[in-house]
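Structure below is protein.pdb: PDB, C-alpha atoms.
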ATOM      1  CA  MET A  33       0.000   0.000   0.000
ATOM      2  CA  LEU A  34       1.286   3.459  -0.925
ATOM      3  CA  ALA A  35       2.132   5.791   1.936
ATOM      4  CA  THR A  36       0.051   8.926   2.385
ATOM      5  CA  GLY A  37       1.403  12.325   3.304
ATOM      6  CA  SER A  38      -0.548  12.338   6.563
ATOM      7  CA  ALA A  39       0.818   8.910   7.536
ATOM      8  CA  LEU A  40       4.393  10.031   6.835
ATOM      9  CA  ARG A  41       3.885  13.211   8.849
ATOM     10  CA  ALA A  42       2.472  11.157  11.719
ATOM     11  CA  ARG A  43       5.561   8.933  11.565
ATOM     12  CA  LEU A  44       7.859  11.970  11.746
ATOM     13  CA  SER A  45       5.795  13.524  14.523
ATOM     14  CA  ALA A  46       6.152  10.363  16.620
ATOM     15  CA  LEU A  47       9.921  10.886  16.480
ATOM     16  CA  GLY A  48       9.628  14.280  18.151
ATOM     17  CA  ALA A  49       9.423  12.767  21.633
ATOM     18  CA  LEU A  50      12.323  10.358  21.123
ATOM     19  CA  GLU A  51      15.805  10.832  22.513
ATOM     20  CA  ASP A  52      18.509  11.317  19.917
ATOM     21  CA  ASP A  53      19.665   7.704  20.150
ATOM     22  CA  GLY A  54      16.211   6.641  19.012
ATOM     23  CA  LEU A  55      16.537   8.430  15.683
ATOM     24  CA  ASP A  56      17.753   6.395  12.717
ATOM     25  CA  LEU A  57      19.432   8.919  10.449
ATOM     26  CA  GLY A  58      18.871   7.151   7.135
ATOM     27  CA  SER A  59      15.295   6.130   7.928
ATOM     28  CA  VAL A  60      14.268   9.649   8.914
ATOM     29  CA  ALA A  61      15.961  11.206   5.871
ATOM     30  CA  LEU A  62      14.159   8.741   3.598
ATOM     31  CA  THR A  63      10.833   9.473   5.306
ATOM     32  CA  ILE A  64      11.329  13.207   4.756
ATOM     33  CA  ALA A  65      12.155  12.577   1.102
ATOM     34  CA  HIS A  66       9.155  10.237   0.780
ATOM     35  CA  LEU A  67       6.836  13.220   1.353
ATOM     36  CA  ASP A  68       7.853  14.475  -2.109
ATOM     37  CA  HIS A  69       7.829  10.981  -3.652
ATOM     38  CA  LEU A  70       4.612   9.371  -2.390
ATOM     39  CA  HIS A  71       4.637   6.715  -5.121
ATOM     40  CA  ALA A  72       8.233   5.666  -4.501
ATOM     41  CA  ASP A  73       9.177   2.274  -3.066
ATOM     42  CA  THR A  74      11.428   3.179  -0.141
ATOM     43  CA  SER A  75      12.659  -0.409   0.153
ATOM     44  CA  GLU A  76      14.619   0.084  -3.090
ATOM     45  CA  TYR A  77      16.472   3.036  -1.583
ATOM     46  CA  ASP A  78      17.058   1.190   1.664
ATOM     47  CA  ASP A  79      18.456  -1.780  -0.277
ATOM     48  CA  HIS A  80      20.786   0.568  -2.135
ATOM     49  CA  LEU A  81      22.142   1.921   1.148
ATOM     50  CA  THR A  82      22.642  -1.625   2.413
ATOM     51  CA  ARG A  83      24.579  -2.610  -0.709
ATOM     52  CA  MET A  84      26.769   0.453  -0.350
ATOM     53  CA  SER A  85      27.469  -0.344   3.305
ATOM     54  CA  GLN A  86      28.549  -3.866   2.350
ATOM     55  CA  SER A  87      31.343  -2.295   0.288
ATOM     56  CA  LEU A  88      32.725  -0.886   3.545
ATOM     57  CA  THR A  89      32.814  -4.103   5.555
ATOM     58  CA  GLY A  90      35.866  -6.256   6.203
ATOM     59  CA  HIS A  91      38.314  -3.448   6.849
ATOM     60  CA  ASP A  92      39.047  -3.997  10.536
ATOM     61  CA  GLY A  93      42.338  -2.521  11.691
ATOM     62  CA  CYS A  94      42.604   0.052   8.903
ATOM     63  CA  SER A  95      43.756   3.559   9.733
ATOM     64  CA  ALA A  96      41.323   6.458   9.682
ATOM     65  CA  LYS A  97      42.925   7.805   6.503
ATOM     66  CA  ASP A  98      42.650   4.423   4.792
ATOM     67  CA  LEU A  99      38.985   4.233   5.797
ATOM     68  CA  ALA A 100      38.484   7.729   4.421
ATOM     69  CA  HIS A 101      39.962   6.684   1.087
ATOM     70  CA  MET A 102      37.750   3.569   1.024
ATOM     71  CA  LEU A 103      34.651   5.675   1.673
ATOM     72  CA  ALA A 104      35.585   8.133  -1.074
ATOM     73  CA  ALA A 105      36.277   5.315  -3.539
ATOM     74  CA  THR A 106      32.971   3.607  -2.724
ATOM     75  CA  LEU A 107      30.975   6.795  -3.209
ATOM     76  CA  THR A 108      32.707   8.114  -6.306
ATOM     77  CA  ASP A 109      34.326   5.186  -8.141
ATOM     78  CA  VAL A 110      31.973   2.324  -7.322
ATOM     79  CA  TYR A 111      28.604   4.104  -7.162
ATOM     80  CA  GLY A 112      29.287   7.243  -9.190
ATOM     81  CA  TYR A 113      28.310   9.905  -6.676
ATOM     82  CA  GLN A 114      29.720  13.220  -7.846
ATOM     83  CA  ALA A 115      31.064  16.057  -5.778
ATOM     84  CA  PRO A 116      28.315  18.676  -5.481
ATOM     85  CA  ASP A 117      28.523  22.219  -6.682
ATOM     86  CA  MET A 118      28.520  24.678  -3.804
ATOM     87  CA  ASP A 119      25.145  26.015  -4.989
ATOM     88  CA  GLU A 120      23.684  22.535  -5.567
ATOM     89  CA  ASP A 121      19.919  22.664  -5.044
ATOM     90  CA  GLU A 122      19.257  19.040  -4.193
ATOM     91  CA  SER A 123      18.716  18.097  -0.559
ATOM     92  CA  ASP A 124      16.322  15.173  -1.026
ATOM     93  CA  LEU A 125      17.930  11.815  -0.253
ATOM     94  CA  MET A 126      15.814   9.911  -2.791
ATOM     95  CA  ASP A 127      16.654  12.302  -5.622
ATOM     96  CA  THR A 128      20.299  12.230  -4.601
ATOM     97  CA  ILE A 129      20.345   8.434  -4.841
ATOM     98  CA  ASP A 130      18.520   8.553  -8.184
ATOM     99  CA  THR A 131      20.781  11.174  -9.753
ATOM    100  CA  ARG A 132      24.004  10.436  -7.816
ATOM    101  CA  ARG A 133      24.203  14.175  -7.082
ATOM    102  CA  GLY A 134      23.220  16.229  -4.093
ATOM    103  CA  CYS A 135      24.130  18.964  -1.676
ATOM    104  CA  SER A 136      26.943  18.327   0.780
ATOM    105  CA  GLU A 137      24.492  17.734   3.646
ATOM    106  CA  THR A 138      22.599  15.041   1.760
ATOM    107  CA  LEU A 139      25.755  13.291   0.610
ATOM    108  CA  GLY A 140      27.016  13.572   4.170
ATOM    109  CA  VAL A 141      23.855  11.942   5.530
ATOM    110  CA  LEU A 142      24.185   9.158   2.974
ATOM    111  CA  ALA A 143      27.821   8.584   3.954
ATOM    112  CA  LEU A 144      27.049   8.609   7.678
ATOM    113  CA  GLU A 145      24.251   6.093   7.170
ATOM    114  CA  ILE A 146      26.302   3.577   5.207
ATOM    115  CA  MET A 147      29.215   3.910   7.635
ATOM    116  CA  ALA A 148      26.859   3.290  10.568
ATOM    117  CA  ARG A 149      25.505   0.173   8.855
ATOM    118  CA  ALA A 150      29.076  -1.025   8.315
ATOM    119  CA  GLY A 151      29.891  -0.498  11.996
ATOM    120  CA  TRP A 152      32.286   2.416  11.508
ATOM    121  CA  ASP A 153      32.758   5.179  14.062
ATOM    122  CA  ALA A 154      31.809   8.360  12.217
ATOM    123  CA  GLN A 155      30.110  11.661  12.991
ATOM    124  CA  ALA A 156      29.292  14.984  11.412
ATOM    125  CA  LEU A 157      30.912  17.989  13.064
ATOM    126  CA  SER A 158      29.281  21.079  14.522
ATOM    127  CA  PHE A 159      31.229  23.326  12.147
ATOM    128  CA  GLY A 160      29.103  26.111  10.706
ATOM    129  CA  PRO A 161      30.850  27.044   7.459
ATOM    130  CA  ARG A 162      30.911  23.542   5.974
ATOM    131  CA  PHE A 163      29.347  20.111   6.506
ATOM    132  CA  LEU A 164      32.254  17.864   7.515
ATOM    133  CA  VAL A 165      32.390  14.148   8.328
ATOM    134  CA  ARG A 166      34.900  12.651  10.767
ATOM    135  CA  ILE A 167      36.005   9.008  10.859
ATOM    136  CA  THR A 168      37.702   7.521  13.935
ATOM    137  CA  ASP A 169      39.694   4.284  13.668
ATOM    138  CA  GLU A 170      40.220   1.572  16.286
ATOM    139  CA  ASP A 171      43.316   3.326  17.642
ATOM    140  CA  GLY A 172      41.480   6.627  18.088
ATOM    141  CA  SER A 173      43.103   8.370  15.139
ATOM    142  CA  ARG A 174      40.824  10.551  13.057
ATOM    143  CA  ALA A 175      40.345  11.692   9.485
ATOM    144  CA  LEU A 176      38.124  14.580   8.448
ATOM    145  CA  LEU A 177      36.382  14.633   5.065
ATOM    146  CA  ASP A 178      34.700  17.341   3.011
ATOM    147  CA  PRO A 179      31.696  16.130   0.933
ATOM    148  CA  ALA A 180      31.608  19.462  -0.923
ATOM    149  CA  GLY A 181      35.244  19.011  -1.895
ATOM    150  CA  GLY A 182      34.934  15.562  -3.426
ATOM    151  CA  TRP A 183      35.636  13.783  -0.124
ATOM    152  CA  THR A 184      39.094  15.274   0.194
ATOM    153  CA  LEU A 185      40.872  15.133   3.546
ATOM    154  CA  VAL A 186      40.513  18.268   5.651
ATOM    155  CA  GLU A 187      43.264  19.783   7.779
ATOM    156  CA  ALA A 188      43.039  22.418  10.505
ATOM    157  CA  TYR A 189      44.213  25.181   8.178
ATOM    158  CA  HIS A 190      41.300  24.446   5.823
ATOM    159  CA  MET A 191      38.848  24.877   8.682
ATOM    160  CA  ARG A 192      40.473  28.129   9.815
ATOM    161  CA  SER A 193      40.294  29.485   6.272
ATOM    162  CA  TRP A 194      36.589  28.615   5.882
ATOM    163  CA  LEU A 195      35.768  30.033   9.304
ATOM    164  CA  LYS A 196      37.488  33.348   8.597
ATOM    165  CA  ALA A 197      35.830  33.560   5.185
ATOM    166  CA  GLN A 198      32.439  33.212   6.853
ATOM    167  CA  ALA A 199      32.882  35.064  10.150
ATOM    168  CA  GLY A 200      35.715  37.520   9.471
ATOM    169  CA  MET A 201      39.463  37.508   9.863
ATOM    170  CA  ALA A 202      39.236  37.842  13.655
ATOM    171  CA  ALA A 203      37.376  34.521  13.986
ATOM    172  CA  GLU A 204      39.307  31.671  15.575
ATOM    173  CA  MET A 205      38.744  27.959  15.926
ATOM    174  CA  ASP A 206      37.608  26.626  19.297
ATOM    175  CA  PHE A 207      36.501  23.283  20.707
ATOM    176  CA  THR A 208      32.859  23.816  19.696
ATOM    177  CA  HIS A 209      33.789  23.539  16.025
ATOM    178  CA  LEU A 210      35.044  19.989  16.596
ATOM    179  CA  GLN A 211      32.065  18.720  18.577
ATOM    180  CA  PRO A 212      29.993  15.984  16.903
ATOM    181  CA  LEU A 213      26.460  16.747  15.777
ATOM    182  CA  SER A 214      23.685  14.587  17.182
ATOM    183  CA  ASN A 215      21.489  12.649  14.757
ATOM    184  CA  ARG A 216      18.762  15.246  15.227
ATOM    185  CA  GLY A 217      21.366  17.948  14.702
ATOM    186  CA  VAL A 218      22.424  16.386  11.400
ATOM    187  CA  LEU A 219      18.789  16.256  10.238
ATOM    188  CA  LEU A 220      18.261  19.849  11.319
ATOM    189  CA  ARG A 221      21.272  20.885   9.273
ATOM    190  CA  LEU A 222      19.992  18.922   6.267
ATOM    191  CA  GLN A 223      16.616  20.662   6.469
ATOM    192  CA  ASN A 224      18.159  24.058   7.143
ATOM    193  CA  GLY A 225      20.150  23.791   3.943
ATOM    194  CA  ALA A 226      16.956  23.157   1.983
ATOM    195  CA  LYS A 227      15.173  26.022   3.742
ATOM    196  CA  VAL A 228      17.979  28.489   2.976
ATOM    197  CA  ARG A 229      18.010  27.546  -0.694
ATOM    198  CA  PHE A 230      14.238  28.051  -0.947
ATOM    199  CA  LEU A 231      14.486  31.438   0.757
ATOM    200  CA  ARG A 232      17.310  32.576  -1.525
ATOM    201  CA  SER A 233      15.225  31.706  -4.572
ATOM    202  CA  GLY A 234      12.116  33.418  -3.172
ATOM    203  CA  HIS A 235      10.112  30.218  -2.688
ATOM    204  CA  LEU A 236       8.551  31.112   0.658
ATOM    205  CA  GLU A 237       5.877  28.404   0.631
ATOM    206  CA  GLN A 238       8.471  25.679   0.131
ATOM    207  CA  ALA A 239      10.699  27.180   2.823
ATOM    208  CA  LEU A 240       7.757  27.197   5.241
ATOM    209  CA  GLN A 241       6.878  23.619   4.361
ATOM    210  CA  THR A 242      10.476  22.586   5.044
ATOM    211  CA  ILE A 243      10.363  24.256   8.459
ATOM    212  CA  GLU A 244       7.055  22.637   9.362
ATOM    213  CA  ILE A 245       8.326  19.182   8.390
ATOM    214  CA  THR A 246      11.415  19.784  10.532
ATOM    215  CA  LEU A 247       9.275  20.769  13.510
ATOM    216  CA  LEU A 248       7.550  17.389  13.380
ATOM    217  CA  PHE A 249      10.683  15.576  14.540
ATOM    218  CA  ALA A 250      12.333  18.546  16.316
ATOM    219  CA  PRO A 251       9.457  20.372  18.050
ATOM    220  CA  ASP A 252      11.687  21.817  20.773
ATOM    221  CA  THR A 253      13.708  23.897  18.306
ATOM    222  CA  ASP A 254      12.530  27.336  19.416
ATOM    223  CA  ALA A 255      13.987  29.328  16.535
ATOM    224  CA  LEU A 256      12.045  27.312  13.963
ATOM    225  CA  TRP A 257       8.695  28.221  15.540
ATOM    226  CA  ARG A 258       9.633  31.892  15.221
ATOM    227  CA  GLU A 259      10.757  31.439  11.621
ATOM    228  CA  ALA A 260       7.518  29.608  10.834
ATOM    229  CA  GLY A 261       5.485  32.422  12.377
ATOM    230  CA  ILE A 262       7.310  35.124  10.417
ATOM    231  CA  LEU A 263       6.943  33.221   7.137
ATOM    232  CA  HIS A 264       3.245  32.635   7.794
ATOM    233  CA  ALA A 265       2.897  36.380   8.374
ATOM    234  CA  ARG A 266       4.711  37.210   5.120
ATOM    235  CA  LEU A 267       2.300  34.871   3.337
ATOM    236  CA  ASN A 268      -0.696  36.539   5.068
ATOM    237  CA  HIS A 269      -1.511  33.404   7.090
ATOM    238  CA  TYR A 270      -2.164  35.473  10.180
ATOM    239  CA  ALA A 271      -3.892  32.860  12.348
ATOM    240  CA  ASP A 272      -1.132  30.336  11.682
ATOM    241  CA  ALA A 273       1.481  33.010  12.312
ATOM    242  CA  VAL A 274      -0.054  33.818  15.711
ATOM    243  CA  ALA A 275      -0.174  30.134  16.667
ATOM    244  CA  ALA A 276       3.466  29.562  15.716
ATOM    245  CA  LEU A 277       4.713  32.654  17.551
ATOM    246  CA  GLU A 278       2.706  31.763  20.639
ATOM    247  CA  ARG A 279       4.356  28.347  20.599
ATOM    248  CA  PHE A 280       7.734  30.059  20.300
ATOM    249  CA  LEU A 281       7.024  32.288  23.295
ATOM    250  CA  SER A 282       5.975  29.281  25.359
ATOM    251  CA  GLN A 283       9.469  27.828  24.874
ATOM    252  CA  CYS A 284      11.821  30.802  24.503
ATOM    253  CA  ARG A 285      13.601  32.213  27.568
ATOM    254  CA  ASP A 286      15.575  34.999  25.864
ATOM    255  CA  PRO A 287      14.089  38.296  27.179
ATOM    256  CA  SER A 288      15.086  40.485  24.227
ATOM    257  CA  LEU A 289      13.896  37.958  21.650
ATOM    258  CA  ARG A 290      10.631  37.502  23.559
ATOM    259  CA  ALA A 291      10.081  41.275  23.586
ATOM    260  CA  ARG A 292      10.650  41.610  19.828
ATOM    261  CA  THR A 293       8.385  38.648  19.137
ATOM    262  CA  LEU A 294       5.619  40.068  21.347
ATOM    263  CA  GLN A 295       5.663  43.232  19.250
ATOM    264  CA  ILE A 296       5.187  41.169  16.081
ATOM    265  CA  LEU A 297       2.463  39.139  17.769
ATOM    266  CA  THR A 298       0.563  42.247  18.856
ATOM    267  CA  ASP A 299       0.562  43.551  15.294
ATOM    268  CA  LEU A 300      -0.639  40.205  13.923
ATOM    269  CA  ARG A 301      -3.486  39.986  16.426
ATOM    270  CA  GLN A 302      -4.625  43.434  15.365
ATOM    271  CA  ARG A 303      -4.612  42.363  11.730
ATOM    272  CA  LEU A 304      -6.723  39.347  12.643
ATOM    273  CA  THR A 305      -9.209  41.597  14.400
ATOM    274  CA  TYR A 306      -9.761  43.669  11.248
ATOM    275  CA  GLN A 307     -10.014  40.752   8.823
TER     276      GLN A 307
END

Rewrite the coordinates I just gave you, this time as structure tokens.
Amino acid sequence: MLATGSALRARLSALGALEDDGLDLGSVALTIAHLDHLHADTSEYDDHLTRMSQSLTGHDGCSAKDLAHMLAATLTDVYGYQAPDMDEDESDLMDTIDTRRGCSETLGVLALEIMARAGWDAQALSFGPRFLVRITDEDGSRALLDPAGGWTLVEAYHMRSWLKAQAGMAAEMDFTHLQPLSNRGVLLRLQNGAKVRFLRSGHLEQALQTIEITLLFAPDTDALWREAGILHARLNHYADAVAALERFLSQCRDPSLRARTLQILTDLRQRLTYQ
């Protein structure tokens, strides 16, 4: 039986109450993609991920750099995944598997999923300028990879350069940039990339839909409720905007942000009164 959009949304919503360990990265990413591909057979995509992971098995005792090279060879040489352009639009895991192209976040999610299935120790990093994947070997040595750079190895000077390009020459690396992202954090970053691309191209409805899908499995993400409210307001969905901003205020503890949001909310309530 084909999945319905409401059933898929209910499945994502049920994940909202789960701890991070209860989230299966590949399964959630495929469920999100399934919303745009209701007639697709997800088992075919899951089988593809399993076959890819089998290419990574049997390499016990290899160094982190050797594992990194094996991952890159599997993705590019064996399965034909291409390095994305920096402005690549695709963030849907199903389309990425179909076309063998995608944004760095989607390719990163795919890589993390097949490594997890193969039993490797790998994480995405909490590094703002670029989506990076880190592999740790049995001895604790690490290798850092850049999906946007064709799975090339990343050194500290690369990260410093990207950070300064984004945040200014005074920006410096600190321990937060090397912290691993949680599974929910990886999915949030995947969805944020899609949202940003929709906003840049002026597709507000699609950006709002992306936010609302994200809130199903990450309902405690305060900032997204505020973003949803503001986008609803820009689209003249005043009742929905009020509801989203009220939800934001029920969770937010930042006094200045609460004050600014209350001003927006007051204006929206007035508009509702005169409709």

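Atom pair atom CA of A:Leu177 / atom CA of A:Val165 has a distance of 5.2 Å (rounded to one decimal).
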
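Among the candidate residues A:Leu47, A:Ala156, A:Ala175, A:Ile245, the one lying nearest to A:His101 is A:Ala175, with distances computed using only C-alpha atoms.
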
Rounded to one decimal in Å, what is the spacing between atom CA of A:Leu185 and atom CA of A:Asp78? 27.7 Å

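The set of residues that the PyMOL selection byres ((chain A and resi 249) around 6) takes from this file is Leu44, Ser45, Leu47, Gly48, Thr246, Leu247, Leu248 and Ala250 of chain A.
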
Select, from A:Glu237, A:Asp169, A:Asp254, A:Asp79, the residue with the minimum atom-to-atom distance to A:Gly93, counting all atoms listed in the file. A:Asp169

Residues picked by the PyMOL selection byres ((chain A and resi 146) around 7) here, as a list in words? Leu81, Thr82, Met84, Ser85, Leu142, Ala143, Leu144, Glu145, Met147, Ala148, Arg149 and Ala150 of chain A

Between atom CA of A:Ala276 and atom CA of A:Ala255, measure the distance and give it in Å to one decimal. 10.6 Å

Using all atoms listed in the file, which of A:Gly172, A:Gly54, A:Gly112, A:Gly200 sits nearest A:Ala154? A:Gly172

Surrounding residues of stretch 207-210 of chain A excluding itself and chain neighbours under 3 positions, 6 Å, only C-alpha atoms, as an MDAnalysis selection string: chainID A and resid 157:159

For the structure shown, which residues end up in the PyMOL selection byres ((chain A and resi 121-132) around 9)? Put them as JSON, numbers by chain, please? {"A": [58, 61, 62, 64, 65, 66, 68, 69, 72, 74, 77, 80, 111, 112, 113, 114, 117, 118, 119, 120, 133, 134, 135, 136, 137, 138, 139, 141, 142, 222, 223, 225, 226, 229, 230]}

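Using only C-alpha atoms, the shortest contact distance between A:Thr168 and any of A:Met205, A:Cys94, A:Leu219, A:Leu256 is found at A:Cys94.
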
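Minimum atom-to-atom distances from A:Ala271, A:Ala42, A:Leu176, A:Cys284 to A:Asp98 were compared using only C-alpha atoms, and the lowest value belongs to A:Leu176.
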
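At a cut-off of 10 Å from (11.0, 30.7, 17.6), the residue set is Asp252, Thr253, Asp254, Ala255, Leu256, Trp257, Arg258, Glu259, Ala260, Gly261, Ile262, Ala276, Leu277, Glu278, Arg279, Phe280, Leu281, Ser282, Gln283, Cys284, Leu289, Arg290 and Thr293 of chain A (counting all atoms listed in the file).
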
Store the residues picked out above in a file with C-alpha atoms, as a compact mmCIF listing (two decimals), in the frame of the given file.
# COMPACT_ATOMS: atom_id res chain seq x y z
CA ASP A 252 11.69 21.82 20.77
CA THR A 253 13.71 23.90 18.31
CA ASP A 254 12.53 27.34 19.42
CA ALA A 255 13.99 29.33 16.54
CA LEU A 256 12.04 27.31 13.96
CA TRP A 257 8.70 28.22 15.54
CA ARG A 258 9.63 31.89 15.22
CA GLU A 259 10.76 31.44 11.62
CA ALA A 260 7.52 29.61 10.83
CA GLY A 261 5.48 32.42 12.38
CA ILE A 262 7.31 35.12 10.42
CA ALA A 276 3.47 29.56 15.72
CA LEU A 277 4.71 32.65 17.55
CA GLU A 278 2.71 31.76 20.64
CA ARG A 279 4.36 28.35 20.60
CA PHE A 280 7.73 30.06 20.30
CA LEU A 281 7.02 32.29 23.30
CA SER A 282 5.98 29.28 25.36
CA GLN A 283 9.47 27.83 24.87
CA CYS A 284 11.82 30.80 24.50
CA LEU A 289 13.90 37.96 21.65
CA ARG A 290 10.63 37.50 23.56
CA THR A 293 8.38 38.65 19.14

Reconstruct N, CA and C atoms of stretch 167-191 of chain A from the incomplete input and present them as a PDB file, keeping the file's coordinate frame.
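Saved as part_33.pdb:
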ATOM      1  N   ILE A 167      35.891  10.451  10.648  1.00  0.00           N
ATOM      2  CA  ILE A 167      36.005   9.008  10.859  1.00  0.00           C
ATOM      3  C   ILE A 167      37.070   8.765  11.925  1.00  0.00           C
ATOM      4  N   THR A 168      36.755   7.890  12.878  1.00  0.00           N
ATOM      5  CA  THR A 168      37.702   7.521  13.935  1.00  0.00           C
ATOM      6  C   THR A 168      38.032   6.041  13.809  1.00  0.00           C
ATOM      7  N   ASP A 169      39.324   5.692  13.810  1.00  0.00           N
ATOM      8  CA  ASP A 169      39.694   4.284  13.668  1.00  0.00           C
ATOM      9  C   ASP A 169      39.809   3.616  15.038  1.00  0.00           C
ATOM     10  N   GLU A 170      40.189   2.344  15.049  1.00  0.00           N
ATOM     11  CA  GLU A 170      40.220   1.572  16.286  1.00  0.00           C
ATOM     12  C   GLU A 170      41.260   2.079  17.275  1.00  0.00           C
ATOM     13  N   ASP A 171      42.272   2.788  16.767  1.00  0.00           N
ATOM     14  CA  ASP A 171      43.316   3.326  17.642  1.00  0.00           C
ATOM     15  C   ASP A 171      43.000   4.741  18.128  1.00  0.00           C
ATOM     16  N   GLY A 172      41.855   5.277  17.681  1.00  0.00           N
ATOM     17  CA  GLY A 172      41.480   6.627  18.088  1.00  0.00           C
ATOM     18  C   GLY A 172      41.962   7.719  17.165  1.00  0.00           C
ATOM     19  N   SER A 173      42.685   7.364  16.113  1.00  0.00           N
ATOM     20  CA  SER A 173      43.103   8.370  15.139  1.00  0.00           C
ATOM     21  C   SER A 173      41.909   8.782  14.288  1.00  0.00           C
ATOM     22  N   ARG A 174      41.978  10.001  13.759  1.00  0.00           N
ATOM     23  CA  ARG A 174      40.824  10.551  13.057  1.00  0.00           C
ATOM     24  C   ARG A 174      41.193  11.098  11.690  1.00  0.00           C
ATOM     25  N   ALA A 175      40.215  11.061  10.798  1.00  0.00           N
ATOM     26  CA  ALA A 175      40.345  11.692   9.485  1.00  0.00           C
ATOM     27  C   ALA A 175      39.074  12.483   9.230  1.00  0.00           C
ATOM     28  N   LEU A 176      39.249  13.683   8.692  1.00  0.00           N
ATOM     29  CA  LEU A 176      38.124  14.580   8.448  1.00  0.00           C
ATOM     30  C   LEU A 176      37.938  14.746   6.948  1.00  0.00           C
ATOM     31  N   LEU A 177      36.684  14.621   6.502  1.00  0.00           N
ATOM     32  CA  LEU A 177      36.382  14.633   5.065  1.00  0.00           C
ATOM     33  C   LEU A 177      35.394  15.739   4.714  1.00  0.00           C
ATOM     34  N   ASP A 178      35.539  16.248   3.509  1.00  0.00           N
ATOM     35  CA  ASP A 178      34.700  17.341   3.011  1.00  0.00           C
ATOM     36  C   ASP A 178      33.845  16.850   1.839  1.00  0.00           C
ATOM     37  N   PRO A 179      32.551  16.575   2.046  1.00  0.00           N
ATOM     38  CA  PRO A 179      31.696  16.130   0.933  1.00  0.00           C
ATOM     39  C   PRO A 179      31.659  17.135  -0.210  1.00  0.00           C
ATOM     40  N   ALA A 180      31.668  18.440   0.122  1.00  0.00           N
ATOM     41  CA  ALA A 180      31.608  19.462  -0.923  1.00  0.00           C
ATOM     42  C   ALA A 180      32.893  19.554  -1.721  1.00  0.00           C
ATOM     43  N   GLY A 181      33.958  18.965  -1.200  1.00  0.00           N
ATOM     44  CA  GLY A 181      35.244  19.011  -1.895  1.00  0.00           C
ATOM     45  C   GLY A 181      35.631  17.685  -2.510  1.00  0.00           C
ATOM     46  N   GLY A 182      34.644  16.853  -2.817  1.00  0.00           N
ATOM     47  CA  GLY A 182      34.934  15.562  -3.426  1.00  0.00           C
ATOM     48  C   GLY A 182      35.536  14.568  -2.462  1.00  0.00           C
ATOM     49  N   TRP A 183      35.173  14.696  -1.166  1.00  0.00           N
ATOM     50  CA  TRP A 183      35.636  13.783  -0.124  1.00  0.00           C
ATOM     51  C   TRP A 183      37.136  13.866   0.086  1.00  0.00           C
ATOM     52  N   THR A 184      37.677  15.066  -0.090  1.00  0.00           N
ATOM     53  CA  THR A 184      39.094  15.274   0.194  1.00  0.00           C
ATOM     54  C   THR A 184      39.307  15.366   1.705  1.00  0.00           C
ATOM     55  N   LEU A 185      40.532  15.037   2.133  1.00  0.00           N
ATOM     56  CA  LEU A 185      40.872  15.133   3.546  1.00  0.00           C
ATOM     57  C   LEU A 185      41.018  16.595   3.954  1.00  0.00           C
ATOM     58  N   VAL A 186      40.528  16.890   5.143  1.00  0.00           N
ATOM     59  CA  VAL A 186      40.513  18.268   5.651  1.00  0.00           C
ATOM     60  C   VAL A 186      41.545  18.401   6.770  1.00  0.00           C
ATOM     61  N   GLU A 187      42.316  19.474   6.724  1.00  0.00           N
ATOM     62  CA  GLU A 187      43.264  19.783   7.779  1.00  0.00           C
ATOM     63  C   GLU A 187      42.802  21.027   8.537  1.00  0.00           C
ATOM     64  N   ALA A 188      43.449  21.295   9.655  1.00  0.00           N
ATOM     65  CA  ALA A 188      43.039  22.418  10.505  1.00  0.00           C
ATOM     66  C   ALA A 188      43.096  23.744   9.751  1.00  0.00           C
ATOM     67  N   TYR A 189      44.093  23.902   8.879  1.00  0.00           N
ATOM     68  CA  TYR A 189      44.213  25.181   8.178  1.00  0.00           C
ATOM     69  C   TYR A 189      43.055  25.402   7.203  1.00  0.00           C
ATOM     70  N   HIS A 190      42.490  24.305   6.666  1.00  0.00           N
ATOM     71  CA  HIS A 190      41.300  24.446   5.823  1.00  0.00           C
ATOM     72  C   HIS A 190      40.150  25.024   6.641  1.00  0.00           C
ATOM     73  N   MET A 191      39.951  24.445   7.837  1.00  0.00           N
ATOM     74  CA  MET A 191      38.848  24.877   8.682  1.00  0.00           C
ATOM     75  C   MET A 191      39.014  26.339   9.097  1.00  0.00           C
TER      76      MET A 191
END
